[in-house]
Amino acid sequence: MLVSFIQTSEATLWDLIIDLNMQKASIYPGESVVVTGKVVDQAYKTHRGIEVFVRVGSETTKAFTDPSGVFRAEISDFKGIPGMYTVNVVASWYGMTGMKSTEFQVIGEPSAISALQEKLSTDEAIKYLSSNESDFEKNPIGQTLFKYYHGLLDKLLLEQKEASKPLASQVFIEQQRLISENLRNQAIDEFSPSAGVFEGYKYDDYINDLNPEIRDLIQSQLNYTKNTFEDAQNIRDKIIANGGTHEEARKAYLDRISMPKELLEKFNQEQIEQTKENVKID
């Protein structure tokens with residue numbers, strides 16, 4: 001039930017009373033602003049087709065009430081910067097009007113750049129930014145606003161320029177990364193490391209000390225690992241040889257040596273089944 005604190009004797013003929021709600025009191029940038037509510041006249045009667053205008057900053061939309069006086073309005077993909085916003089709602093129907101406002105919050109930390117962009121995106125700012133100063137030669141207020149908005153624009157351009165400069169720490173890290181990458185590439189060219197050699201007396205001692213029941217399985221796993229790393233190195237080398245970047249080669253290398261648990265379990269099961277078959281044959 002809609003309850004109003006306006007006494008009937010105080011209500012004028014042009015009054016529409018709006019009961020207003022926000023679907024969400026807080027949203028993230030890019031989410032929709034959804035306003036719901038109910039409109040009644042001064043006698044608390046509902047009407048279908050009452051026009052409801054909703055404005056948030058420079059964004060506007062409208063809706064119409066249903067037979068129960070209920071409406072729903074949505075501003076999708078709201079781009080406002082983090083902060084509090086006022087929602088102004090105006091209802092109009094056959095000469096009667098009503099107004100109501102509420103607030104909601106866009107979650108996040110506003111940056112200096114986003115705040116300036118918000119100020120410069122208003123209709124008033126666009127008007128003065130697209131004009132010449134001479135257009136306001138006889139309008140002192142217009143001259144002041146012209147200089148104000150152009151000053152904000154200059155400040156925004158400066159902020160964007162400063163933001164595009166890398167931090168000293170980022171420059172140092174990038175320099176160290178390049179030095180490390182060059183040293184690694186020099187070592188690879190000099191020593192030509194392979195995927196590893198699965199042979200020799202240490203390898204033989206390790207295999208011989210294994211439980212005979214799992215020896216063949218472990219040996220198969222080691223060979224599978226060796227072959228995987230060899231494939232990964234070949235893929236990496238081919239990408240670089242064909243003009244690819246080191247980052248692309250590194251990603252392909254890592255993708256190849258990544259062994260999902262399911263794949264390893266499948267390999268182990270196949271080896272176990274093969275071992276059982278060999279035992280039957282023997």
# chains A, B, ... in the order shown; residues from 1 in each chain; ligands from 1
$ residues_around --residues "A:Ile107" --least-positions-apart "6" --cutoff "9 Å" --atoms "only C-alpha atoms" --output "NGL selection string"
:A and (26-29 or 81-84)
$ residues_around --residues "stretch 47-58 of chain A" --least-positions-apart "6" --cutoff "9 Å" --atoms "only C-alpha atoms" --output "ChimeraX atom specification"
/A:33,35,39-41,64-71,73-75,80,85-94,121-123
$ residues_around --residues "A:Glu124" --least-positions-apart "4" --cutoff "10 Å" --atoms "only C-alpha atoms" --output "number ranges by chain"
A: 58, 119-120, 128-129, 145-146, 149
$ residues_around --residues "stretch 222-225 of chain A" --least-positions-apart "4" --cutoff "9 Å" --atoms "only C-alpha atoms" --output "VMD selection string"
chain A and resid 198 217 to 218 229 to 230 257
$ select_by_dssp --residues "stretch 8-240 of chain A" --states "helix (DSSP H, G or I)" --output "PyMOL selection string"
chain A and resi 8-10+112-120+123-129+133-136+140-163+168-191+201-208+212-240
